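First up is the structure itself, then whatever we jot down about it.
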Amino acid sequence: MATLRDIRQKIAAVKKTQQITKAMNMVSAAKLRGAQTRMEQFRPYAAAFKQMLASIASRVEPEAHPFFQQAEKVEKVELVLMTADRGLCGSFNMNLINAADKFIKQKKAEGIGVVLTTVGRKGRDYFRRRQADIRQTYVDVWNKFDFSNAQTVARDSVTPFTNAEVQEVYLIYANFVNMVTQRPVLIPLLPIIPEAAEEGAVSQEYITEPAADQFLEYLLPRYINVMVYQGFLENSTSEHAARMTAMDNASSNCKDMITSLTMVMNKARQAAITKELMDIIGGAEALKG
């Protein structure tokens with residue numbers, strides 16, 4: 001049985017852990033507010049950008065730009081996977097990695113090769129250990145996050161497609177739903193397939209200057225930047241929310257553990273006191289005899 005000293009040491013260790021988890025919870029909460037604000041402000045812009053592109057693209061031929069052209073045979077695709085650089089955020093990273101793993105296995109079953117671009121240390125380390133085909137890696141991009149990082153990732157992802165090294169490009173990131181739900185989503189980046197308008201929806205026609213096919217030369221690279229940037233914002237917000245939730249759960253578990261250990265300590269102390277009293281009483285009875 002553990003001694004009182006051992007139990008007190010365990011309680012002290014758990015209390016220190018609780019202090020760390022509470023501090024990490026507060027840091028994540030502070031970062032979450034800024035990330036969530038940026039994400040919510042950018043969502044309407046991304047939606048309007050996508051709607052405008054769909055309207056313009058529906059009025060031009062696929063040959064108007066290479067980004068619209070679908071290969072007759074798909075032999076290799078690129079997957080851009082976003083994960084966090086650090087852990088301690090519950091199942092956040094593994095959910096994204098599992099989604100990528102499932103996608104890779106599905107494509108390989110179809111006889112299609114997959115080359116990876118990883119954004120985040122956790123995804124890079126996981127697939128590097130499994131000797132996956134990793135073309136490019138980005139780490140430490142979440143601490144000082146700005147639009148230029150998204151531009152770099154988008155540009156490097158487009159290059160293999162325009163060089164015909166891959167026939168399709170996909171993106172996986174965590175979509176922020178609420179504080180307790182962050183779902184991995186898989187979206188196709190290239191080739192761009194304009195979404196069909198919903199039945200009954202009013203179609204808006206945009207007047208462009210210069211002509212639409214020339215305007216797309218300017219618009220399409222920025223559309224890829226916008227899609228990748230939205231992935232950055234969603235993933236960053238989801239990471240902080242997941243870590244905040246995980247640290248809150250860890251703090252609650254520490255509290256329960258401290259309560260349980262305190263009860264064990266009190267029982268052990270009472271048992272020690274009772275034993276000492278019995279020894280004293282036994283000694284007194286012996287003196288009487």
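Chain labels run A, B, ... following the order of the structure tokens; each chain numbers its residues from 1, and ligands are numbered from 1 in the order shown.
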Task: DSSP-assigned strand (DSSP E or B) among range 107-192 of chain A, expressed as an NGL selection string - done: :A and (113-119 or 134-138 or 168-176 or 182-190)
Task: All residues 7 Å or closer to Ala150 in chain A, only C-alpha atoms, same chain fewer than 2 positions away omitted, as a list in words - done: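 In the requested form, the answer reads Phe147, Ser148, Thr152, Val153, Ala154, Asn225, Val228 and Tyr229 of chain A.
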Output C-alpha atoms of each residue in that selection to a file, as a PDB file, in the first residue's frame.
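Output file result27.pdb is given in full below:
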```pdb
ATOM      1  CA  PHE A 147      -2.030  35.275 -46.345  1.00  0.00           C
ATOM      2  CA  SER A 148       1.448  34.866 -47.847  1.00  0.00           C
ATOM      3  CA  THR A 152       2.990  29.893 -51.165  1.00  0.00           C
ATOM      4  CA  VAL A 153       1.140  26.610 -50.584  1.00  0.00           C
ATOM      5  CA  ALA A 154      -1.352  27.363 -53.357  1.00  0.00           C
ATOM      6  CA  ASN A 225      -5.338  31.281 -53.035  1.00  0.00           C
ATOM      7  CA  VAL A 228      -6.276  27.470 -49.517  1.00  0.00           C
ATOM      8  CA  TYR A 229      -6.479  30.523 -47.253  1.00  0.00           C
TER       9      TYR A 229
END
```
Task: Selected residue of minimal separation from Lys255 in chain A among A:Gln69, A:Thr21, A:Ser55, A:Thr137, counting only C-alpha atoms - done: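 Of A:Gln69, A:Thr21, A:Ser55, A:Thr137, the one nearest Lys255 in chain A, counting only C-alpha atoms, is A:Thr21.
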Open item on the list: I want to know what sits within 9 Å of Ala71 in chain A, based on only C-alpha atoms, with residues of the same chain fewer than 5 positions away left out; could you give that as a ChimeraX atom specification?
Closed with: /A:167-168,191
Restrict the selected residues to all heavy atoms and save them as a short mmCIF file (atom, residue, chain, number, x, y, z; two decimals), in the first residue's frame.
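The result, stored in part-v2.cif:
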```cif
data_model
loop_
_atom_site.label_atom_id
_atom_site.label_comp_id
_atom_site.auth_asym_id
_atom_site.auth_seq_id
_atom_site.Cartn_x
_atom_site.Cartn_y
_atom_site.Cartn_z
N GLN A 167 -2.80 15.02 -62.26
CA GLN A 167 -3.99 15.37 -63.02
C GLN A 167 -5.09 15.99 -62.15
O GLN A 167 -6.03 16.58 -62.66
CB GLN A 167 -4.56 14.13 -63.72
CG GLN A 167 -3.71 13.63 -64.87
CD GLN A 167 -2.45 12.92 -64.41
OE1 GLN A 167 -2.50 12.03 -63.56
NE2 GLN A 167 -1.30 13.32 -64.96
N GLU A 168 -4.95 15.85 -60.83
CA GLU A 168 -5.94 16.41 -59.90
C GLU A 168 -5.22 16.85 -58.62
O GLU A 168 -4.20 16.28 -58.26
CB GLU A 168 -7.03 15.40 -59.55
CG GLU A 168 -7.91 15.01 -60.72
CD GLU A 168 -8.90 13.91 -60.37
OE1 GLU A 168 -8.78 13.32 -59.27
OE2 GLU A 168 -9.79 13.63 -61.19
N PRO A 191 -8.79 19.88 -61.28
CA PRO A 191 -9.31 20.99 -62.07
C PRO A 191 -10.55 21.61 -61.43
O PRO A 191 -11.24 20.95 -60.65
CB PRO A 191 -9.65 20.33 -63.41
CG PRO A 191 -9.96 18.91 -63.05
CD PRO A 191 -9.04 18.58 -61.91
#
```
Open item on the list: Just the number, please: distance in Å from CA of Ile193 in chain A to CA of Ala46 in chain A, one decimal.
Closed with: 16.1 Å
Open item on the list: Excluding range 97-109 of chain A and its own-chain neighbours fewer than 4 positions away, which residues fall within 8 Å of it when counting only C-alpha atoms? Please give them as an NGL selection string.
Closed with: :A and (79 or 81 or 83 or 93 or 113-114 or 123 or 126 or 172 or 184)
Could you write out that same residue set with all heavy atoms as an mmCIF file, in the first residue's frame?
```
data_model
loop_
_atom_site.group_PDB
_atom_site.id
_atom_site.type_symbol
_atom_site.label_atom_id
_atom_site.label_comp_id
_atom_site.auth_asym_id
_atom_site.auth_seq_id
_atom_site.Cartn_x
_atom_site.Cartn_y
_atom_site.Cartn_z
ATOM 1 N N LEU A 79 -2.353 15.521 -52.925
ATOM 2 C CA LEU A 79 -3.192 15.788 -51.763
ATOM 3 C C LEU A 79 -2.470 16.764 -50.848
ATOM 4 O O LEU A 79 -1.354 16.493 -50.389
ATOM 5 C CB LEU A 79 -3.502 14.491 -51.010
ATOM 6 C CG LEU A 79 -4.285 14.651 -49.700
ATOM 7 C CD1 LEU A 79 -5.682 15.222 -49.974
ATOM 8 C CD2 LEU A 79 -4.394 13.316 -48.971
ATOM 9 N N LEU A 81 -2.491 18.183 -47.315
ATOM 10 C CA LEU A 81 -3.031 17.814 -46.002
ATOM 11 C C LEU A 81 -2.621 18.840 -44.967
ATOM 12 O O LEU A 81 -1.437 19.113 -44.782
ATOM 13 C CB LEU A 81 -2.526 16.425 -45.583
ATOM 14 C CG LEU A 81 -2.827 16.004 -44.140
ATOM 15 C CD1 LEU A 81 -4.338 15.889 -43.908
ATOM 16 C CD2 LEU A 81 -2.129 14.688 -43.816
ATOM 17 N N THR A 83 -2.513 19.758 -40.996
ATOM 18 C CA THR A 83 -2.606 19.307 -39.608
ATOM 19 C C THR A 83 -1.953 20.366 -38.732
ATOM 20 O O THR A 83 -1.493 21.402 -39.222
ATOM 21 C CB THR A 83 -1.887 17.958 -39.412
ATOM 22 O OG1 THR A 83 -0.499 18.104 -39.762
ATOM 23 C CG2 THR A 83 -2.506 16.853 -40.256
ATOM 24 N N ASN A 93 -5.669 15.883 -34.785
ATOM 25 C CA ASN A 93 -4.698 15.512 -35.823
ATOM 26 C C ASN A 93 -4.993 14.140 -36.427
ATOM 27 O O ASN A 93 -4.900 13.956 -37.643
ATOM 28 C CB ASN A 93 -3.279 15.532 -35.237
ATOM 29 C CG ASN A 93 -2.772 16.949 -35.001
ATOM 30 O OD1 ASN A 93 -2.856 17.802 -35.868
ATOM 31 N ND2 ASN A 93 -2.269 17.201 -33.802
ATOM 32 N N GLY A 113 -1.804 6.906 -58.266
ATOM 33 C CA GLY A 113 -0.780 7.294 -57.311
ATOM 34 C C GLY A 113 -1.140 8.593 -56.606
ATOM 35 O O GLY A 113 -1.848 9.437 -57.156
ATOM 36 N N VAL A 114 -0.656 8.756 -55.385
ATOM 37 C CA VAL A 114 -0.931 9.961 -54.596
ATOM 38 C C VAL A 114 0.383 10.538 -54.093
ATOM 39 O O VAL A 114 1.183 9.827 -53.476
ATOM 40 C CB VAL A 114 -1.861 9.667 -53.401
ATOM 41 C CG1 VAL A 114 -2.114 10.945 -52.597
ATOM 42 C CG2 VAL A 114 -3.183 9.066 -53.864
ATOM 43 N N GLY A 123 1.201 15.816 -39.535
ATOM 44 C CA GLY A 123 0.949 15.075 -40.765
ATOM 45 C C GLY A 123 2.240 14.665 -41.444
ATOM 46 O O GLY A 123 2.364 13.544 -41.951
ATOM 47 N N TYR A 126 3.868 11.702 -39.498
ATOM 48 C CA TYR A 126 3.113 10.448 -39.637
ATOM 49 C C TYR A 126 3.415 9.785 -40.972
ATOM 50 O O TYR A 126 3.752 8.590 -41.031
ATOM 51 C CB TYR A 126 1.618 10.725 -39.500
ATOM 52 C CG TYR A 126 0.750 9.501 -39.703
ATOM 53 C CD1 TYR A 126 0.432 8.666 -38.641
ATOM 54 C CD2 TYR A 126 0.240 9.181 -40.968
ATOM 55 C CE1 TYR A 126 -0.369 7.546 -38.822
ATOM 56 C CE2 TYR A 126 -0.552 8.064 -41.163
ATOM 57 C CZ TYR A 126 -0.855 7.243 -40.083
ATOM 58 O OH TYR A 126 -1.634 6.125 -40.277
ATOM 59 N N ILE A 172 -7.316 18.715 -47.844
ATOM 60 C CA ILE A 172 -7.989 18.233 -46.627
ATOM 61 C C ILE A 172 -7.660 19.191 -45.484
ATOM 62 O O ILE A 172 -6.487 19.493 -45.229
ATOM 63 C CB ILE A 172 -7.541 16.811 -46.248
ATOM 64 C CG1 ILE A 172 -8.110 15.787 -47.237
ATOM 65 C CG2 ILE A 172 -8.010 16.451 -44.834
ATOM 66 C CD1 ILE A 172 -7.728 14.340 -46.909
ATOM 67 N N PRO A 184 -13.117 16.902 -40.563
ATOM 68 C CA PRO A 184 -12.220 16.915 -41.728
ATOM 69 C C PRO A 184 -13.039 16.958 -43.013
ATOM 70 O O PRO A 184 -14.031 16.242 -43.149
ATOM 71 C CB PRO A 184 -11.456 15.595 -41.601
ATOM 72 C CG PRO A 184 -11.612 15.179 -40.182
ATOM 73 C CD PRO A 184 -12.953 15.691 -39.746
#
```
